[in-house]
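Novice: Dropping in start.cif, which is mmCIF, C-alpha atoms and all ligand atoms:
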data_entry
#
loop_
_atom_site.label_atom_id
_atom_site.label_comp_id
_atom_site.auth_asym_id
_atom_site.auth_seq_id
_atom_site.Cartn_x
_atom_site.Cartn_y
_atom_site.Cartn_z
CA MET J 1 12.59 -23.78 4.26
CA SER J 2 15.80 -21.78 4.77
CA TYR J 3 17.12 -18.78 2.78
CA PRO J 4 20.66 -17.45 2.32
CA SER J 5 19.35 -13.90 2.89
CA LEU J 6 16.33 -12.26 4.48
CA LEU J 7 15.47 -10.97 1.01
CA GLY J 8 14.72 -14.55 -0.04
CA ALA J 9 11.90 -14.62 2.52
CA ILE J 10 9.97 -11.91 0.64
CA GLY J 11 6.80 -13.24 -1.00
CA ASN J 12 4.93 -16.54 -0.77
CA THR J 13 2.62 -15.05 1.83
CA PRO J 14 -0.40 -17.07 2.95
CA LEU J 15 -3.89 -16.81 1.49
CA VAL J 16 -6.36 -17.21 4.35
CA ALA J 17 -10.16 -17.60 4.28
CA VAL J 18 -12.15 -14.80 5.93
CA PRO J 19 -15.23 -16.44 7.48
CA LEU J 20 -17.62 -13.69 6.45
CA GLN J 21 -21.19 -14.76 5.65
CA SER J 22 -21.32 -14.48 1.89
CA GLU J 23 -21.85 -16.40 -1.29
CA GLY J 24 -18.54 -17.75 -2.54
CA THR J 25 -15.15 -17.73 -0.84
CA ILE J 26 -13.24 -14.73 0.44
CA LEU J 27 -9.46 -15.12 0.77
CA ALA J 28 -7.16 -12.54 2.35
CA LYS J 29 -3.61 -12.23 1.01
CA LEU J 30 -1.61 -11.57 4.17
CA GLU J 31 1.10 -9.31 2.80
CA TYR J 32 1.87 -8.01 6.26
CA LEU J 33 3.77 -11.26 6.80
CA ASN J 34 6.57 -10.10 4.49
CA PRO J 35 9.87 -9.43 6.37
CA GLY J 36 9.48 -5.64 6.13
CA GLY J 37 5.80 -5.91 7.01
CA SER J 38 4.10 -5.01 3.73
CA VAL J 39 3.47 -5.74 0.05
CA LYS J 40 6.06 -3.06 -0.75
CA ASP J 41 8.93 -5.44 0.04
CA ARG J 42 8.21 -7.09 -3.29
CA SER J 43 8.15 -4.01 -5.52
CA ALA J 44 11.04 -2.28 -3.72
CA LEU J 45 13.33 -5.31 -4.10
CA TYR J 46 12.30 -5.79 -7.72
CA MET J 47 13.00 -2.13 -8.55
CA VAL J 48 16.37 -2.14 -6.75
CA GLU J 49 17.51 -5.34 -8.47
CA HIS J 50 16.26 -4.06 -11.83
CA ALA J 51 18.45 -0.95 -11.37
CA GLU J 52 21.43 -3.06 -10.27
CA LYS J 53 21.13 -5.24 -13.37
CA ALA J 54 20.79 -2.17 -15.60
CA GLY J 55 23.95 -0.71 -14.00
CA ILE J 56 22.02 2.37 -12.78
CA LEU J 57 22.61 1.47 -9.12
CA LYS J 58 26.21 0.75 -8.20
CA PRO J 59 27.91 -0.53 -5.02
CA GLY J 60 28.18 2.21 -2.41
CA GLY J 61 25.24 4.05 -3.97
CA THR J 62 22.35 5.83 -2.29
CA LEU J 63 18.68 4.87 -2.51
CA ILE J 64 16.28 7.82 -2.36
CA ASP J 65 12.50 7.85 -2.68
CA ALA J 66 9.26 9.41 -1.53
CA SER J 67 6.97 7.09 0.38
CA SER J 68 3.81 6.93 2.48
CA GLY J 69 5.93 4.66 4.67
CA ASN J 70 5.93 1.06 3.52
CA HIS J 71 8.00 1.51 0.36
CA GLY J 72 10.45 3.48 2.52
CA ILE J 73 10.55 0.73 5.13
CA ALA J 74 11.21 -1.84 2.40
CA LEU J 75 14.00 0.25 0.85
CA ALA J 76 15.55 0.86 4.28
CA MET J 77 15.57 -2.88 5.00
CA ILE J 78 16.99 -3.71 1.56
CA GLY J 79 19.61 -0.97 1.88
CA ALA J 80 20.70 -2.35 5.26
CA ILE J 81 21.15 -5.81 3.75
CA LYS J 82 22.81 -4.71 0.53
CA GLY J 83 24.94 -1.92 2.01
CA TYR J 84 23.34 1.16 0.41
CA ARG J 85 22.80 4.51 2.10
CA VAL J 86 19.03 5.16 2.15
CA ILE J 87 17.18 8.49 2.30
CA ILE J 88 13.38 8.41 2.55
CA VAL J 89 11.17 11.47 2.14
CA VAL J 90 7.77 11.19 3.82
CA SER J 91 4.75 13.35 4.51
CA GLU J 92 3.82 14.36 8.08
CA LYS J 93 0.80 12.11 7.63
CA ILE J 94 2.98 9.02 8.26
CA SER J 95 2.30 7.04 11.45
CA LYS J 96 4.91 7.31 14.23
CA GLU J 97 5.51 3.59 14.01
CA LYS J 98 6.37 3.66 10.31
CA LEU J 99 8.66 6.67 10.76
CA GLN J 100 10.51 4.97 13.61
CA THR J 101 10.76 1.73 11.65
CA ILE J 102 12.50 3.45 8.72
CA LYS J 103 14.98 5.02 11.15
CA ALA J 104 15.53 1.71 12.97
CA TYR J 105 16.98 0.25 9.77
CA GLY J 106 19.52 3.09 9.76
CA ALA J 107 17.93 5.13 6.96
CA GLU J 108 17.77 8.93 6.97
CA VAL J 109 14.28 10.43 6.92
CA ILE J 110 13.07 13.82 5.71
CA VAL J 111 9.54 14.79 6.76
CA CYS J 112 7.61 17.22 4.53
CA LYS J 113 4.37 19.11 5.13
CA PRO J 114 1.47 17.44 3.32
CA THR J 115 0.65 19.15 0.04
CA GLU J 116 -2.51 18.96 -2.03
CA PHE J 117 -0.74 17.94 -5.20
CA ILE J 118 2.17 15.57 -5.75
CA ASP J 119 3.81 17.95 -8.25
CA ASP J 120 3.91 20.79 -5.71
CA PRO J 121 7.61 21.80 -5.25
CA GLN J 122 7.10 21.31 -1.49
CA SER J 123 5.70 17.77 -1.90
CA TYR J 124 7.61 14.80 -0.61
CA HIS J 125 7.86 13.40 -4.12
CA PHE J 126 9.38 16.62 -5.45
CA VAL J 127 11.85 16.85 -2.57
CA ALA J 128 12.98 13.27 -3.20
CA GLN J 129 13.48 14.04 -6.89
CA ARG J 130 15.59 17.09 -6.09
CA LEU J 131 17.77 15.10 -3.68
CA ALA J 132 18.26 12.36 -6.26
CA GLN J 133 19.51 14.97 -8.72
CA GLU J 134 21.87 16.51 -6.16
CA ILE J 135 23.39 13.39 -4.56
CA PRO J 136 25.96 11.60 -6.75
CA ASN J 137 25.64 7.86 -7.35
CA SER J 138 22.05 7.86 -6.15
CA PHE J 139 19.07 5.97 -7.51
CA MET J 140 15.42 6.92 -7.09
CA PRO J 141 13.12 3.96 -7.74
CA ASN J 142 10.36 6.57 -8.23
CA GLN J 143 7.52 4.25 -7.29
CA TYR J 144 4.84 6.76 -8.30
CA TYR J 145 5.96 7.04 -11.91
CA ASN J 146 8.20 4.03 -12.69
CA VAL J 147 6.27 1.22 -14.39
CA VAL J 148 8.83 -1.29 -13.07
CA ASN J 149 6.82 -0.96 -9.84
CA ARG J 150 3.79 -2.39 -11.65
CA GLU J 151 5.87 -5.03 -13.42
CA ALA J 152 7.00 -6.37 -10.04
CA HIS J 153 3.44 -7.27 -9.14
CA GLN J 154 2.67 -8.53 -12.63
CA SER J 155 5.57 -10.96 -12.56
CA LEU J 156 5.55 -12.02 -8.88
CA LEU J 157 2.32 -11.38 -7.00
CA GLY J 158 -0.10 -12.12 -9.84
CA PRO J 159 1.31 -15.60 -10.61
CA GLU J 160 1.58 -16.37 -6.89
CA MET J 161 -2.14 -15.74 -6.34
CA TRP J 162 -3.12 -17.54 -9.50
CA ASN J 163 -1.20 -20.62 -8.36
CA GLN J 164 -2.42 -20.40 -4.76
CA THR J 165 -6.05 -20.45 -5.96
CA ASN J 166 -5.31 -23.09 -8.64
CA GLY J 167 -6.62 -20.64 -11.20
CA THR J 168 -10.05 -20.41 -9.53
CA ILE J 169 -9.82 -16.73 -8.56
CA THR J 170 -12.82 -14.75 -9.91
CA HIS J 171 -12.47 -11.37 -8.14
CA PHE J 172 -9.47 -9.33 -6.99
CA PHE J 173 -9.62 -6.31 -4.66
CA ALA J 174 -6.64 -4.03 -3.94
CA GLY J 175 -6.17 -0.50 -2.68
CA ALA J 176 -4.69 1.93 -5.20
CA GLY J 177 -1.88 4.23 -4.10
CA THR J 178 0.66 4.22 -6.90
CA GLY J 179 -1.69 1.71 -8.53
CA GLY J 180 1.18 -0.74 -9.01
CA THR J 181 -0.44 -3.60 -7.11
CA VAL J 182 -3.92 -3.48 -8.61
CA SER J 183 -2.64 -2.84 -12.16
CA GLY J 184 0.23 -5.34 -12.08
CA VAL J 185 -1.81 -8.16 -10.59
CA GLY J 186 -4.77 -7.12 -12.75
CA ARG J 187 -2.68 -7.36 -15.91
CA TYR J 188 -1.50 -10.85 -15.04
CA LEU J 189 -4.90 -12.15 -13.98
CA LYS J 190 -6.65 -10.76 -17.07
CA SER J 191 -4.00 -12.43 -19.25
CA LYS J 192 -4.91 -15.77 -17.65
CA ASN J 193 -8.69 -15.22 -17.59
CA PRO J 194 -10.24 -11.99 -18.91
CA ASN J 195 -13.44 -12.70 -16.93
CA ILE J 196 -11.74 -12.10 -13.60
CA LYS J 197 -13.13 -8.89 -12.08
CA VAL J 198 -10.50 -6.44 -10.80
CA TYR J 199 -11.47 -3.77 -8.27
CA GLY J 200 -9.32 -0.80 -7.25
CA ILE J 201 -10.15 0.81 -3.93
CA ASP J 202 -9.84 4.60 -3.62
CA SER J 203 -10.67 7.18 -0.94
CA VAL J 204 -13.87 9.17 -1.51
CA ASN J 205 -11.76 12.26 -0.86
CA SER J 206 -8.92 11.61 -3.32
CA PHE J 207 -8.03 13.83 -6.27
CA ARG J 208 -9.66 11.33 -8.65
CA SER J 209 -12.83 10.79 -6.62
CA THR J 210 -13.44 14.52 -6.19
CA ASN J 211 -12.63 15.44 -9.80
CA GLY J 212 -9.58 17.43 -8.79
CA HIS J 213 -10.89 18.92 -5.52
CA PRO J 214 -9.32 16.60 -2.92
CA LYS J 215 -10.25 16.77 0.75
CA PRO J 216 -8.30 15.48 3.77
CA TYR J 217 -8.41 11.76 4.47
CA SER J 218 -6.60 9.65 7.01
CA LEU J 219 -6.06 6.45 4.99
CA GLU J 220 -2.31 5.91 4.46
CA GLY J 221 -0.91 4.25 1.37
CA ILE J 222 -3.99 4.49 -0.83
CA GLY J 223 -5.88 7.23 -2.62
CA ILE J 224 -5.49 8.18 -6.31
CA ASP J 225 -4.11 11.71 -6.22
CA PHE J 226 -2.25 12.00 -9.52
CA THR J 227 -2.06 10.56 -13.02
CA SER J 228 0.70 8.10 -13.84
CA GLU J 229 1.32 5.26 -16.25
CA VAL J 230 1.76 2.94 -13.26
CA LEU J 231 -2.01 2.85 -12.80
CA ASP J 232 -3.49 0.95 -15.75
CA TYR J 233 -7.25 1.57 -15.88
CA ASN J 234 -7.56 -0.92 -18.79
CA VAL J 235 -7.32 -3.85 -16.39
CA ILE J 236 -9.54 -2.40 -13.65
CA ASP J 237 -13.25 -3.16 -13.94
CA LYS J 238 -14.36 -0.81 -11.21
CA ILE J 239 -12.96 1.74 -8.78
CA VAL J 240 -14.81 1.43 -5.48
CA THR J 241 -14.62 4.49 -3.24
CA VAL J 242 -14.66 4.24 0.54
CA SER J 243 -14.62 6.74 3.39
CA ASP J 244 -12.26 6.84 6.35
CA ALA J 245 -15.16 5.87 8.61
CA GLU J 246 -16.09 2.79 6.55
CA SER J 247 -12.45 1.70 6.47
CA ILE J 248 -11.91 2.11 10.20
CA ASP J 249 -15.14 0.28 11.03
CA ALA J 250 -13.89 -2.57 8.84
CA LEU J 251 -10.53 -2.58 10.67
CA LYS J 252 -12.21 -3.03 14.01
CA LEU J 253 -14.50 -5.76 12.72
CA LEU J 254 -11.57 -7.73 11.27
CA ALA J 255 -9.49 -7.47 14.44
CA LYS J 256 -12.29 -8.26 16.88
CA GLU J 257 -14.27 -10.85 14.91
CA PHE J 258 -11.60 -12.56 12.83
CA GLY J 259 -8.33 -11.86 14.66
CA MET J 260 -6.80 -10.08 11.66
CA LEU J 261 -5.02 -6.91 12.82
CA ILE J 262 -4.56 -4.99 9.60
CA GLY J 263 -3.77 -1.42 8.55
CA PRO J 264 -6.22 1.21 7.26
CA SER J 265 -5.64 0.52 3.55
CA SER J 266 -6.66 -3.10 4.16
CA GLY J 267 -9.71 -1.86 6.08
CA ALA J 268 -10.55 0.17 2.98
CA VAL J 269 -10.20 -2.92 0.79
CA PHE J 270 -12.50 -4.88 3.09
CA ALA J 271 -15.02 -2.01 3.11
CA GLY J 272 -14.88 -2.08 -0.72
CA LEU J 273 -15.49 -5.83 -0.71
CA LEU J 274 -18.55 -5.37 1.54
CA LYS J 275 -20.02 -3.03 -1.07
CA GLU J 276 -19.56 -5.59 -3.87
CA LYS J 277 -20.06 -8.97 -2.22
CA ASP J 278 -23.76 -9.21 -3.07
CA THR J 279 -22.74 -9.76 -6.69
CA PHE J 280 -20.88 -12.97 -5.72
CA THR J 281 -22.20 -16.46 -6.51
CA LYS J 282 -21.32 -19.74 -4.82
CA ASP J 283 -18.45 -20.21 -7.30
CA SER J 284 -16.89 -16.82 -6.61
CA VAL J 285 -13.36 -16.80 -5.21
CA ALA J 286 -12.46 -13.28 -4.14
CA VAL J 287 -8.92 -12.38 -3.12
CA ILE J 288 -8.48 -9.22 -1.04
CA MET J 289 -5.13 -7.55 -0.38
CA PHE J 290 -4.19 -7.00 3.24
CA SER J 291 -1.09 -4.96 2.51
CA ASP J 292 0.20 -4.14 5.98
CA SER J 293 -0.37 -4.69 9.68
CA GLY J 294 -2.40 -2.72 12.19
CA ARG J 295 0.64 -2.71 14.47
CA ALA J 296 2.07 0.10 12.37
CA TYR J 297 -0.88 2.37 13.28
CA LEU J 298 -1.66 1.64 16.93
CA SER J 299 -0.68 5.19 17.95
CA LYS J 300 -3.35 6.56 15.62
CA GLY J 301 -6.03 5.10 17.90
CA PHE J 302 -8.15 3.65 15.11
CA TYR J 303 -8.86 0.51 17.10
CA ASP J 304 -9.86 2.37 20.27
CA VAL J 305 -12.85 4.14 18.85
CA GLN J 306 -16.02 2.33 19.93
CA GLY J 307 -18.99 2.44 17.56
CA GLU J 308 -18.18 5.90 16.28
CA THR J 309 -17.19 7.09 12.89
CA VAL J 310 -13.68 8.36 12.38
CA ALA J 311 -15.15 11.76 11.65
CA GLN J 312 -16.58 11.81 15.18
CA ALA J 313 -13.36 10.38 16.55
CA TYR J 314 -11.47 13.25 14.97
CA SER J 315 -13.29 15.85 17.03
CA ASN J 316 -13.52 13.66 20.14
CA THR J 317 -9.81 12.98 20.30
CA MET J 318 -8.19 16.16 19.11
CA SER J 319 -7.25 17.06 22.68
CA SER J 320 -6.03 13.56 23.60
CA GLU J 321 -2.30 12.92 23.47
CA ALA J 322 -2.85 9.19 23.08
CA VAL J 323 -4.67 9.50 19.78
CA GLN J 324 -3.21 11.58 16.99
CA PHE J 325 -5.35 11.82 13.92
CA ASP J 326 -3.61 13.74 11.19
CA GLY J 327 -4.58 17.20 10.13
CA PRO J 328 -5.40 18.08 6.57
CA ALA J 329 -3.45 15.90 4.20
CA THR J 330 -4.17 14.60 0.78
CA THR J 331 -0.91 13.11 -0.34
CA LYS J 332 -0.36 9.43 0.40
C1 LIG J 401 -0.45 -0.17 3.29
C2 LIG J 401 -0.53 0.05 1.82
N1 LIG J 401 -1.58 -0.45 1.17
C3 LIG J 401 -1.73 -0.26 -0.15
C4 LIG J 401 -0.80 0.45 -0.86
C5 LIG J 401 -1.04 0.70 -2.32
O1 LIG J 401 -0.22 -0.04 -3.13
P1 LIG J 401 0.16 0.52 -4.56
O2 LIG J 401 1.11 1.65 -4.35
O3 LIG J 401 0.79 -0.64 -5.25
O4 LIG J 401 -1.09 0.99 -5.24
C6 LIG J 401 0.30 0.98 -0.21
C7 LIG J 401 1.29 1.77 -0.92
O5 LIG J 401 2.18 2.38 -0.36
C8 LIG J 401 0.44 0.78 1.16
O6 LIG J 401 1.49 1.27 1.85
#
Starting from the file, give its structure as structure tokens.
Specialist:
Amino acid sequence: MSYPSLLGAIGNTPLVAVPLQSEGTILAKLEYLNPGGSVKDRSALYMVEHAEKAGILKPGGTLIDASSGNHGIALAMIGAIKGYRVIIVVSEKISKEKLQTIKAYGAEVIVCKPTEFIDDPQSYHFVAQRLAQEIPNSFMPNQYYNVVNREAHQSLLGPEMWNQTNGTITHFFAGAGTGGTVSGVGRYLKSKNPNIKVYGIDSVNSFRSTNGHPKPYSLEGIGIDFTSEVLDYNVIDKIVTVSDAESIDALKLLAKEFGMLIGPSSGAVFAGLLKEKDTFTKDSVAVIMFSDSGRAYLSKGFYDVQGETVAQAYSNTMSSEAVQFDGPATTK
């Protein structure tokens, strides 16, 4: 198949069986095969084109947003193709690879200190909002609070998975950052079959999991740290919480046993699946979101740690230049 633009190659990612011993079938949605390397290509393009159609984003305009990395990468790629200036505000927690990728597309990057709360005036989200107010002819997709983010997944990703499984999907697992993926796909799937079970994966240390007393965690992209309409709890049957250590152990297992080199949020999703898979029957068809690739995190050393928990790895590697685990950070 050929496309007139790289943007046409976003979506239609493969669904691949994970040969894990279990009742039922486990299928991984390989979103890291999108042109920008993550599921965020879909929502970023949808939000940009929605703004273009609404006349909010005009030729020669500037795209500005806060991002844990992948949304920023997607906007930077889209901006390069469509001719927009792009400014991405990130937290120091971002991997070196993701930071360099945003810059490689020609976008400008502002790095903020991690803050405990997203509405802190020093937070990356707040800084992006201020810039969007100051810079004329700019548009902030505002992925954390704009429900168009969720609609993207409801209208594109949900139907794609439904069709790829011929309507046989029974369980869906996705990490929750903005909540757009799990809520958008969840909405669509529940509209087709209300019996489908939808699981959102969260960090044990997030704002939500700790009842407002978040602790540092190294997962990037997921963790429910604020309240927003984007995350629709009505279509989520269960939030499964996972630790950094469980997620990183899952990453290593998937790379070494199954040849799937995925990022930490996907490790978290797999760790969540492991906690729930005993409820599956032979007719279960579980789809798990692998949202980005492990290549974007190699400098973090997650894959180098042998048989240890990440907590141990933290203290073991603090003095090593090769491995840079982040310091305290609770924003995504
Ligand atoms: C790698 C990765 N996984 C999962 C997510 C969570 O997706 P959502 O924001 O739709 O909840 C993100 C969000 O940035 C991400 O970058």
Novice: Within 10 Å of ligand LIG 401 (chain J), counting all atoms listed in the file: which residues, as a ChimeraX atom specification?
Specialist: /J:31-32,37-40,43,67-73,143-144,149-150,152-153,174-185,200-202,219-224,230-231,262-269,289-294,296,332
Novice: Please report the interatomic distance between CA of His171 (chain J) and CA of Phe226 (chain J) in Å with one decimal.
Specialist: 25.5 Å
Novice: Let me make sure I understand: among J:Pro35, J:Gly167, J:Gly106, J:Pro19, which one has the smallest atom-to-atom distance to Gly79 (chain J) if we use only C-alpha atoms?
Specialist: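 For Gly79 (chain J), the nearest of the candidates is J:Gly106.
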Novice: May I have the residues within 8 Å of Ser22 (chain J) as a ChimeraX atom specification, using only C-alpha atoms and disregarding those fewer than 2 positions away in the same chain?
Specialist: /J:20,24-25,277-278,280
Novice: Take the point (0.3, 4.5, 15.1) in the file's coordinates, draw a sphere of radius 8 Å around it, and report as a count of residues only every protein, DNA or RNA residue with an atom inside or on it, counting only C-alpha atoms.
Specialist: 11
Novice: My list of candidates is J:Met260, J:Leu274, J:Ala132, J:Ala255. Which is closest to Val242 (chain J) when distances are computed with only C-alpha atoms?
Specialist: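 Result for the nearest residue to Val242 (chain J): J:Leu274.
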Novice: So, counting all atoms listed in the file, which residue among J:Asp225, J:Glu160, J:Asp304, J:Glu52 is closest to Leu251 (chain J)?
Specialist: J:Asp304
Novice: Which of these residues is nearest to Val109 (chain J), using only C-alpha atoms: J:Arg85, J:Arg130, J:Ala28, J:Gly61?
Specialist: J:Arg85
Novice: Give me the residues within 10 Å of Val90 (chain J) as a CSV table (one decimal) with C-alpha atoms, in the frame of the given file, counting only C-alpha atoms and dropping any in the same chain fewer than 3 places off.
Specialist:
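So the final result, stored in part.csv, reads:
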chain,number,residue,atom,x,y,z
J,65,ASP,CA,12.5,7.8,-2.7
J,66,ALA,CA,9.3,9.4,-1.5
J,67,SER,CA,7.0,7.1,0.4
J,68,SER,CA,3.8,6.9,2.5
J,69,GLY,CA,5.9,4.7,4.7
J,72,GLY,CA,10.4,3.5,2.5
J,87,ILE,CA,17.2,8.5,2.3
J,93,LYS,CA,0.8,12.1,7.6
J,94,ILE,CA,3.0,9.0,8.3
J,99,LEU,CA,8.7,6.7,10.8
J,109,VAL,CA,14.3,10.4,6.9
J,110,ILE,CA,13.1,13.8,5.7
J,111,VAL,CA,9.5,14.8,6.8
J,112,CYS,CA,7.6,17.2,4.5
J,113,LYS,CA,4.4,19.1,5.1
J,114,PRO,CA,1.5,17.4,3.3
J,123,SER,CA,5.7,17.8,-1.9
J,124,TYR,CA,7.6,14.8,-0.6
J,125,HIS,CA,7.9,13.4,-4.1
J,127,VAL,CA,11.8,16.8,-2.6
J,128,ALA,CA,13.0,13.3,-3.2
J,331,THR,CA,-0.9,13.1,-0.3
J,332,LYS,CA,-0.4,9.4,0.4
Novice: Between J:Leu157, J:Val18, J:Lys197, J:Leu254, which has the minimum distance to Lys238 (chain J) (counting only C-alpha atoms)?
Specialist: J:Lys197
Novice: Using all atoms listed in the file, find the one residue out of J:Ala245, J:Ile169, J:Ala104, J:Val204 that sits nearest to Lys192 (chain J).
Specialist: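 Residue with the minimum atom-to-atom distance to Lys192 (chain J): J:Ile169.
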Novice: Please measure the separation of CA of Ile288 (chain J) and CA of Leu30 (chain J), giving the value in Å to one decimal.
Specialist: 8.9 Å
Novice: Which distance in Å separates CA of Ala51 (chain J) and CA of Ile10 (chain J), to one decimal?
Specialist: 18.3 Å
Novice: Write out as JSON lines a residue-level contact list of region 113-172 of chain J versus region 213-217 of chain J with cut-off 12 Å: for each qualifying residue the closest pair of atoms and the distance in Å to one decimal, counting all atoms listed in the file, rows sorted by chain and residue number upward.
Specialist:
{"residue": "J:Pro114", "atom": "CA", "partner": "J:Pro216", "partner_atom": "CA", "distance": 10.0}
{"residue": "J:Thr115", "atom": "CA", "partner": "J:Pro216", "partner_atom": "CA", "distance": 10.4}
{"residue": "J:Glu116", "atom": "CA", "partner": "J:Pro214", "partner_atom": "CA", "distance": 7.3}
{"residue": "J:Phe117", "atom": "CA", "partner": "J:Pro214", "partner_atom": "CA", "distance": 9.0}
{"residue": "J:Ile118", "atom": "CA", "partner": "J:Pro214", "partner_atom": "CA", "distance": 11.9}
Novice: Using all atoms listed in the file, tabulate the residues of region 24-61 of chain J lying at most 8 Å from any atom of region 136-141 of chain J, each with its closest atom pair and that distance in Å to one decimal, by chain and increasing residue number, as a Markdown table.
Specialist:
| residue | atom | partner | partner_atom | distance |
| --- | --- | --- | --- | --- |
| J:Ala44 | CA | J:Pro141 | CA | 7.7 |
| J:Met47 | CA | J:Pro141 | CA | 6.1 |
| J:Val48 | CA | J:Pro141 | CA | 7.0 |
| J:Ala51 | CA | J:Phe139 | CA | 7.9 |
| J:Ile56 | CA | J:Phe139 | CA | 7.0 |
| J:Leu57 | CA | J:Phe139 | CA | 5.9 |
| J:Lys58 | CA | J:Asn137 | CA | 7.2 |
| J:Gly60 | CA | J:Asn137 | CA | 7.9 |
| J:Gly61 | CA | J:Asn137 | CA | 5.1 |
Novice: Since we have the selection now, will you write its residues out, keeping C-alpha atoms, as a PDB file, in the frame of the given file?
Specialist:
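result_5.pdb, written as the output of this step:
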ATOM      1  CA  ALA J  44      11.040  -2.280  -3.720  1.00  0.00           C
ATOM      2  CA  MET J  47      13.000  -2.130  -8.550  1.00  0.00           C
ATOM      3  CA  VAL J  48      16.370  -2.140  -6.750  1.00  0.00           C
ATOM      4  CA  ALA J  51      18.450  -0.950 -11.370  1.00  0.00           C
ATOM      5  CA  ILE J  56      22.020   2.370 -12.780  1.00  0.00           C
ATOM      6  CA  LEU J  57      22.610   1.470  -9.120  1.00  0.00           C
ATOM      7  CA  LYS J  58      26.210   0.750  -8.200  1.00  0.00           C
ATOM      8  CA  GLY J  60      28.180   2.210  -2.410  1.00  0.00           C
ATOM      9  CA  GLY J  61      25.240   4.050  -3.970  1.00  0.00           C
TER      10      GLY J  61
END
Novice: What lies within 9 Å of Leu15 (chain J) using only C-alpha atoms, ignoring chain neighbours under 3 positions off, as a VMD selection string?
Specialist: chain J and resid 27 to 30 161 164 to 165 287
Novice: Just the residues within 10 Å of Thr168 (chain J), please, counting only C-alpha atoms, with nothing from its chain fewer than 2 positions along; format it as a PDB file with C-alpha atoms, keeping the file's coordinate frame.
Specialist:
ATOM      1  CA  MET J 161      -2.140 -15.740  -6.340  1.00  0.00           C
ATOM      2  CA  TRP J 162      -3.120 -17.540  -9.500  1.00  0.00           C
ATOM      3  CA  ASN J 163      -1.200 -20.620  -8.360  1.00  0.00           C
ATOM      4  CA  GLN J 164      -2.420 -20.400  -4.760  1.00  0.00           C
ATOM      5  CA  THR J 165      -6.050 -20.450  -5.960  1.00  0.00           C
ATOM      6  CA  ASN J 166      -5.310 -23.090  -8.640  1.00  0.00           C
ATOM      7  CA  THR J 170     -12.820 -14.750  -9.910  1.00  0.00           C
ATOM      8  CA  HIS J 171     -12.470 -11.370  -8.140  1.00  0.00           C
ATOM      9  CA  ASN J 193      -8.690 -15.220 -17.590  1.00  0.00           C
ATOM     10  CA  ILE J 196     -11.740 -12.100 -13.600  1.00  0.00           C
ATOM     11  CA  ASP J 283     -18.450 -20.210  -7.300  1.00  0.00           C
ATOM     12  CA  SER J 284     -16.890 -16.820  -6.610  1.00  0.00           C
ATOM     13  CA  VAL J 285     -13.360 -16.800  -5.210  1.00  0.00           C
ATOM     14  CA  ALA J 286     -12.460 -13.280  -4.140  1.00  0.00           C
TER      15      ALA J 286
END
